[in-house]
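> One structure follows; several queries about it will come next.
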Amino acid sequence: MLAVYFDRPGGPENLYVKEVMKPQPREGEVLVKVSASALNRADLLQRRGKYPPPKGASDILGLEAAGSVAGLGPGCKGRWKVGDAVMALLSGGGQAEYVSVPEGHLMPVPSDMTFIQAAAIPEAWLTAFQLLHFVGKIQKGERVLIHAGASGVGLAAIQLVRLAQAVPIVTAGTPEKLKAAANAGAAAGFNYKNEDFSEKVLEFTQGAGVDIILDCVGGSYWEKNLNCLSTDGRWIIYGLLGGGEVHGDLFARLLSKRGSIHTSLLRSRDKEYKEQLVKAFTEDVLPYFSGGTSPHLQPLVDSVYPLYEIAEAHRLMEENKNIGKIVIELL
């Protein structure tokens with residue numbers, strides 16, 4: 001089969017497509033013929049040699065995919081059959097013609113949805129769902145600050161906060177990204193490049209601050225995050241785009257607000273945790289992607305690249321130009 005590959009860590013120019021062995025589904029696994037995959041920041045980090053796949057995972061890039069069931073490994077429980085349209089949460093291997101997936105990490109593609117749209121769901125939406133519900137324990141009426149509001153995770157989080165009957169507030173770096181966030185349901189949005197988002201958040205919340213912060217930035221935002229975190233607020237860190245170092249009196253300020261810091265990664269979670277996450281998402285969220293539901297959830301696809309243009313897709317994400325997901329199509 002064809003798969004995205006790189007021989008040494010470095011820039012997008014190191015990526016190419018080559019022929020490799022097709023995976024064989026192991027006990028309890030399903031073989032999926034991939035129609036589309038989507039790009040995540042983790043793919044960029046892995047390509048640079050900074051985020052190796054978990055032990056036992058494929059070293060091929062790609063943390064999500066959509067396609068059709070092509071085969072079943074021994075011990076499968078009968079929930080899937082050959083030909084079923086599925087989308088998959090992966091630890092790796094999505095940017096290839098075939099991928100083998102634990103059966104509990106698959107979800108049915110919602111009705112009326114293309115494989116390209118479906119590929120934009122698993123990693124981003126399950127990450128946002130996990131952060132809000134499994135980690136943050138979001139409650140009705142709470143205020144949630146979402147950094148990178150026009151990213152795949154950000155746009156998913158906005159809609160999931162609305163679904164939980166809470167209030168999404170975002171930061172983003174361009175007017176176009178703030179508009180996309182507003183269209184997805186953000187109650188307010190602030191441009192972190194030309195205004196102090198913490199002051200704007202306090203103004204919007206009439207001084208109360210936010211109950212939850214979904215933070216993929218880290219170090220460079222710590223003071224502003226604490227400034228607008230409410231008493232007993234939860235600050236959830238799931239990325240470090242702004243670095244991992246903190247210089248200052250973080251603990252005293254956190255303690256004064258009785259705040260808590262949580263950190264979370266999805267890729268390295270064990271198989272059982274991911275199964276529980278996929279099951280909860282399938283039951284509680286997936287029905288809202290189908291037509292005629294209210295609220296109606298929708299993944300936003302920024303652009304679609306063929307597999308052979310994978311390097312261009314990486315460049316686009318590195319330039320932070322995308323609004324929503326960058327999808328890789330396998331023909």
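By convention in this document, the chains of the structure tokens carry letters A, B, ... by their order, each chain's residues are numbered from 1, and ligands are numbered from 1 in the order they are shown.
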Name all residues at most 8 Å from range 241-252 of chain A (count only C-alpha atoms; drop same-chain ones fewer than 4 positions away) and give them as a compact mmCIF listing (two decimals) with N, CA, C and O atoms, in the first residue's frame.

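Result went into selection-v2.txt, see below:
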# COMPACT_ATOMS: atom_id res chain seq x y z
N CYS A 216 -4.03 25.37 24.49
CA CYS A 216 -3.03 24.64 23.71
C CYS A 216 -1.76 25.48 23.52
O CYS A 216 -0.88 25.12 22.76
N VAL A 217 -1.69 26.61 24.26
CA VAL A 217 -0.57 27.54 24.09
C VAL A 217 0.47 27.37 25.19
O VAL A 217 1.67 27.27 24.93
N GLY A 218 0.02 27.37 26.46
CA GLY A 218 0.94 27.10 27.56
C GLY A 218 1.66 28.31 28.09
O GLY A 218 1.05 29.34 28.39
N GLY A 219 2.99 28.23 28.17
CA GLY A 219 3.84 29.17 28.91
C GLY A 219 3.57 30.64 28.67
O GLY A 219 3.41 31.42 29.62
N SER A 220 3.48 31.07 27.42
CA SER A 220 3.38 32.50 27.14
C SER A 220 2.03 33.10 27.56
O SER A 220 1.89 34.31 27.63
N TYR A 221 1.06 32.27 27.86
CA TYR A 221 -0.28 32.76 28.24
C TYR A 221 -0.57 32.66 29.74
O TYR A 221 -1.66 33.02 30.16
N TRP A 222 0.38 32.18 30.53
CA TRP A 222 0.02 31.80 31.90
C TRP A 222 -0.55 32.96 32.71
O TRP A 222 -1.55 32.79 33.43
N GLU A 223 0.06 34.15 32.60
CA GLU A 223 -0.42 35.28 33.42
C GLU A 223 -1.83 35.72 33.00
O GLU A 223 -2.70 35.97 33.85
N SER A 256 -4.56 31.55 45.21
CA SER A 256 -5.46 32.62 45.66
C SER A 256 -6.85 32.49 45.02
O SER A 256 -7.84 32.95 45.58
> Can you pull out every residue within 6 Å of range 203-214 of chain A, counting only C-alpha atoms, but drop anything in the same chain fewer than 2 positions away, and send it as a VMD selection string?
chain A and resid 142 to 146 200 to 201 228 to 230 233 to 236
> Using only C-alpha atoms, find the one residue out of A:Gly239, A:Gly67, A:Gly75, A:Gly291 that sits nearest to Leu265 in chain A.
A:Gly239
> Go through range 294-315 of chain A and flag each residue having an atom no more than 9 Å from range 16-30 of chain A; for those, report the closest pair of atoms plus their distance in Å to one decimal, using only C-alpha atoms, ordered by chain and rising number, as CSV.

residue,atom,partner,partner_atom,distance
A:Leu307,CA,A:Val17,CA,7.5
A:Tyr308,CA,A:Val17,CA,6.4
A:Glu309,CA,A:Tyr16,CA,8.6
A:Ile310,CA,A:Tyr16,CA,7.6
A:Ala311,CA,A:Tyr16,CA,7.6
> Calculated over only C-alpha atoms, which of the candidates A:Ile121, A:Leu178, A:Val161, A:Ala38 has the smallest distance to Met107 in chain A?
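Nearest candidate to Met107 in chain A out of A:Ile121, A:Leu178, A:Val161, A:Ala38: A:Ile121.
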> Could you pull out all residues of range 169-312 of chain A with a DSSP call of helix (DSSP H, G or I) and give them as JSON, numbers by chain?
{"A": [175, 176, 177, 178, 179, 180, 181, 182, 183, 184, 197, 198, 199, 200, 201, 202, 203, 204, 219, 220, 221, 222, 223, 224, 225, 226, 227, 228, 250, 251, 252, 253, 254, 255, 256, 271, 272, 273, 274, 275, 276, 277, 278, 279, 280, 281, 282, 283, 284, 286, 287, 288, 289, 307, 308, 309, 310, 311, 312]}
> I need the residues from that last selection saved to file as a JSON list (two decimals), in the first residue's frame (with C-alpha atoms), if you can.

[["chain", "number", "residue", "atom", "x", "y", "z"],
["A", 175, "PRO", "CA", -10.62, 38.74, 11.94],
["A", 176, "GLU", "CA", -11.39, 35.85, 9.56],
["A", 177, "LYS", "CA", -10.72, 33.29, 12.30],
["A", 178, "LEU", "CA", -12.83, 35.22, 14.81],
["A", 179, "LYS", "CA", -15.67, 35.33, 12.27],
["A", 180, "ALA", "CA", -15.46, 31.55, 11.74],
["A", 181, "ALA", "CA", -15.57, 31.06, 15.52],
["A", 182, "ALA", "CA", -18.62, 33.33, 15.78],
["A", 183, "ASN", "CA", -20.33, 31.39, 12.98],
["A", 184, "ALA", "CA", -19.68, 28.18, 14.93],
["A", 197, "PHE", "CA", -7.69, 38.88, 25.92],
["A", 198, "SER", "CA", -7.76, 38.53, 29.71],
["A", 199, "GLU", "CA", -9.05, 42.09, 30.17],
["A", 200, "LYS", "CA", -11.61, 41.58, 27.41],
["A", 201, "VAL", "CA", -12.78, 38.29, 28.97],
["A", 202, "LEU", "CA", -13.20, 39.95, 32.37],
["A", 203, "GLU", "CA", -15.14, 42.76, 30.73],
["A", 204, "PHE", "CA", -17.40, 40.31, 28.87],
["A", 219, "GLY", "CA", 3.84, 29.17, 28.91],
["A", 220, "SER", "CA", 3.38, 32.50, 27.14],
["A", 221, "TYR", "CA", -0.28, 32.76, 28.24],
["A", 222, "TRP", "CA", 0.02, 31.80, 31.90],
["A", 223, "GLU", "CA", -0.42, 35.28, 33.42],
["A", 224, "LYS", "CA", -3.35, 36.24, 31.22],
["A", 225, "ASN", "CA", -4.99, 32.86, 31.81],
["A", 226, "LEU", "CA", -4.76, 33.26, 35.57],
["A", 227, "ASN", "CA", -5.96, 36.84, 35.33],
["A", 228, "CYS", "CA", -9.28, 35.79, 33.80],
["A", 250, "LEU", "CA", 2.17, 31.08, 39.21],
["A", 251, "PHE", "CA", 1.38, 28.99, 42.31],
["A", 252, "ALA", "CA", 0.53, 31.92, 44.61],
["A", 253, "ARG", "CA", -1.86, 33.35, 42.03],
["A", 254, "LEU", "CA", -3.40, 29.95, 41.32],
["A", 255, "LEU", "CA", -3.82, 29.25, 45.04],
["A", 256, "SER", "CA", -5.46, 32.62, 45.66],
["A", 271, "LYS", "CA", -7.02, 1.32, 24.57],
["A", 272, "GLU", "CA", -9.74, 0.99, 27.22],
["A", 273, "TYR", "CA", -9.85, 4.74, 27.93],
["A", 274, "LYS", "CA", -10.19, 5.50, 24.22],
["A", 275, "GLU", "CA", -12.96, 2.92, 23.91],
["A", 276, "GLN", "CA", -14.89, 4.59, 26.73],
["A", 277, "LEU", "CA", -14.35, 8.00, 25.13],
["A", 278, "VAL", "CA", -15.50, 6.80, 21.69],
["A", 279, "LYS", "CA", -18.54, 5.07, 23.21],
["A", 280, "ALA", "CA", -19.61, 8.19, 25.15],
["A", 281, "PHE", "CA", -19.10, 10.43, 22.11],
["A", 282, "THR", "CA", -21.00, 8.03, 19.83],
["A", 283, "GLU", "CA", -23.96, 7.96, 22.22],
["A", 284, "ASP", "CA", -24.04, 11.60, 23.38],
["A", 286, "LEU", "CA", -22.70, 11.73, 17.15],
["A", 287, "PRO", "CA", -26.51, 11.88, 16.61],
["A", 288, "TYR", "CA", -26.27, 15.69, 16.37],
["A", 289, "PHE", "CA", -24.19, 15.45, 13.18],
["A", 307, "LEU", "CA", -1.80, 12.27, -0.58],
["A", 308, "TYR", "CA", 1.06, 13.24, -2.91],
["A", 309, "GLU", "CA", 0.79, 16.88, -1.77],
["A", 310, "ILE", "CA", 1.23, 16.05, 1.93],
["A", 311, "ALA", "CA", 4.21, 18.42, 2.21],
["A", 312, "GLU", "CA", 2.04, 21.36, 1.05]]
> Need the shell around range 47-64 of chain A: protein/DNA/RNA residues with any atom at most 6 Å away, counting only C-alpha atoms. Skip same-chain ones fewer than 2 positions apart. Format as a list in words?
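Surrounding residues, per the criterion: Pro9, Gly10, Ser37, Asp43, Leu44, Leu45, Ala88, Leu89, Leu90, Ser91, Gly92, Gly93, Gly94, Gln95, Pro122, Glu123 and Ser268 of chain A.
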> Can you write just those residues out, N, CA and C atoms, as an mmCIF file, in the first residue's frame?

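Written file, again_13.cif:
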data_model
loop_
_atom_site.group_PDB
_atom_site.id
_atom_site.type_symbol
_atom_site.label_atom_id
_atom_site.label_comp_id
_atom_site.auth_asym_id
_atom_site.auth_seq_id
_atom_site.Cartn_x
_atom_site.Cartn_y
_atom_site.Cartn_z
ATOM 1 N N PRO A 9 14.017 13.254 10.654
ATOM 2 C CA PRO A 9 13.231 14.383 11.148
ATOM 3 C C PRO A 9 13.634 15.682 10.452
ATOM 4 N N GLY A 10 12.665 16.578 10.284
ATOM 5 C CA GLY A 10 12.968 17.861 9.657
ATOM 6 C C GLY A 10 11.724 18.531 9.128
ATOM 7 N N SER A 37 -7.931 11.214 5.424
ATOM 8 C CA SER A 37 -7.339 11.396 6.750
ATOM 9 C C SER A 37 -7.252 12.905 6.985
ATOM 10 N N ASP A 43 1.143 15.550 14.024
ATOM 11 C CA ASP A 43 1.845 15.071 12.825
ATOM 12 C C ASP A 43 3.067 15.938 12.540
ATOM 13 N N LEU A 44 2.911 17.256 12.717
ATOM 14 C CA LEU A 44 4.041 18.167 12.496
ATOM 15 C C LEU A 44 5.150 17.909 13.507
ATOM 16 N N LEU A 45 4.762 17.710 14.762
ATOM 17 C CA LEU A 45 5.757 17.447 15.805
ATOM 18 C C LEU A 45 6.472 16.124 15.563
ATOM 19 N N ALA A 88 -12.251 6.700 12.313
ATOM 20 C CA ALA A 88 -11.397 6.044 13.297
ATOM 21 C C ALA A 88 -10.524 7.033 14.054
ATOM 22 N N LEU A 89 -10.443 6.809 15.369
ATOM 23 C CA LEU A 89 -9.440 7.480 16.204
ATOM 24 C C LEU A 89 -8.206 6.591 16.222
ATOM 25 N N LEU A 90 -7.041 7.178 15.897
ATOM 26 C CA LEU A 90 -5.826 6.389 15.722
ATOM 27 C C LEU A 90 -4.686 6.909 16.584
ATOM 28 N N SER A 91 -3.738 6.023 16.885
ATOM 29 C CA SER A 91 -2.473 6.436 17.497
ATOM 30 C C SER A 91 -1.416 6.711 16.431
ATOM 31 N N GLY A 92 -1.754 6.433 15.188
ATOM 32 C CA GLY A 92 -0.868 6.606 14.047
ATOM 33 C C GLY A 92 -1.380 5.768 12.897
ATOM 34 N N GLY A 93 -0.831 6.013 11.690
ATOM 35 C CA GLY A 93 -1.136 5.151 10.557
ATOM 36 C C GLY A 93 -2.231 5.621 9.629
ATOM 37 N N GLY A 94 -2.837 6.789 9.888
ATOM 38 C CA GLY A 94 -3.990 7.219 9.107
ATOM 39 C C GLY A 94 -3.673 7.689 7.703
ATOM 40 N N GLN A 95 -2.440 8.154 7.467
ATOM 41 C CA GLN A 95 -2.097 8.690 6.156
ATOM 42 C C GLN A 95 -1.486 7.601 5.278
ATOM 43 N N PRO A 122 -12.721 12.670 14.076
ATOM 44 C CA PRO A 122 -12.294 11.863 15.244
ATOM 45 C C PRO A 122 -11.320 12.535 16.208
ATOM 46 N N GLU A 123 -10.152 12.932 15.757
ATOM 47 C CA GLU A 123 -9.144 13.446 16.690
ATOM 48 C C GLU A 123 -9.565 14.781 17.302
ATOM 49 N N SER A 268 -1.645 9.140 23.818
ATOM 50 C CA SER A 268 -0.958 8.163 24.671
ATOM 51 C C SER A 268 -1.889 7.442 25.646
#
> For a quick check of understanding, using only C-alpha atoms, which of A:Pro108, A:Gly136, A:Gly78, A:Pro102 has the smallest distance to Ala66 in chain A?
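Smallest separation from Ala66 in chain A among the options: A:Pro108.
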> Would you mind writing down, as a PyMOL selection string, each residue of range 54-287 of chain A that DSSP on the backbone assigns to strand (DSSP E or B)?
chain A and resi 64-72+85-89+96+98-102+106-108+143-146+167-172+188-191+210-215+229-237+260-263
> Can you pull out the residues contacting range 150-155 of chain A? Cut-off 6 Å, using only C-alpha atoms, and skip same-chain residues under 3 positions away; I want them as a count of residues only.
8
> Using only C-alpha atoms, which of A:Arg267, A:Met1, A:Phe6, A:Lys140 sits nearest Glu97 in chain A?
A:Met1
> Can you tell me, as a PyMOL selection string, what residues are no more than 9 Å from Val109 in chain A when counting only C-alpha atoms, ignoring any on the same chain fewer than 3 positions away?
chain A and resi 66-67+84-87+112-115+118+286
> Report, in Å with one decimal, the straight-line distance from CA of Ile237 in chain A to CA of Gln139 in chain A.
18.8 Å
> I need the residue nearest Ala313 in chain A from this list: A:Leu39, A:Gly11, A:Pro299, A:Ala187. Use only C-alpha atoms for the distance.
A:Leu39
> Which distance in Å separates CA of Asp196 in chain A and CA of Asn322 in chain A, to one decimal?
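CA of Asn322 in chain A lies 23.2 Å from CA of Asp196 in chain A.
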> Quick check, in Å to one decimal: how far apart do CA of Tyr98 in chain A and CA of Ala36 in chain A lie?
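Pair CA of Tyr98 in chain A / CA of Ala36 in chain A returns 10.5 Å.
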> List the neighbours of Ser290 in chain A out to 7 Å using only C-alpha atoms; skip same-chain residues closer than 3 positions along the sequence, and give me the result as a ChimeraX atom specification.
/A:110-111,287,293
> With all heavy atoms kept, could you save the residues just selected as a compact mmCIF listing (two decimals), in the first residue's frame?

# COMPACT_ATOMS: atom_id res chain seq x y z
N PRO A 110 -21.69 9.58 10.08
CA PRO A 110 -23.08 10.08 10.12
C PRO A 110 -23.72 10.12 8.74
O PRO A 110 -23.02 10.29 7.72
CB PRO A 110 -22.92 11.51 10.69
CG PRO A 110 -21.64 11.46 11.46
CD PRO A 110 -20.75 10.53 10.69
N SER A 111 -25.03 9.97 8.71
CA SER A 111 -25.75 9.96 7.43
C SER A 111 -25.54 11.29 6.72
O SER A 111 -25.40 12.35 7.34
CB SER A 111 -27.23 9.72 7.68
OG SER A 111 -27.76 10.69 8.56
N PRO A 287 -25.19 11.65 17.23
CA PRO A 287 -26.51 11.88 16.61
C PRO A 287 -26.73 13.30 16.13
O PRO A 287 -27.50 13.53 15.18
CB PRO A 287 -27.50 11.51 17.73
CG PRO A 287 -26.75 10.55 18.60
CD PRO A 287 -25.33 11.02 18.57
N THR A 293 -31.21 17.67 13.10
CA THR A 293 -31.08 17.73 14.55
C THR A 293 -30.88 19.17 15.00
O THR A 293 -30.41 20.02 14.24
CB THR A 293 -29.89 16.88 15.05
OG1 THR A 293 -28.70 17.33 14.40
CG2 THR A 293 -30.11 15.41 14.75
> Just want the 8 Å neighbourhood of range 315-319 of chain A, counted on only C-alpha atoms, with same-chain residues fewer than 6 positions away dropped. Output as a list in words.
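Everything that qualifies: Pro12, Arg41, Leu44 and Ile326 of chain A.
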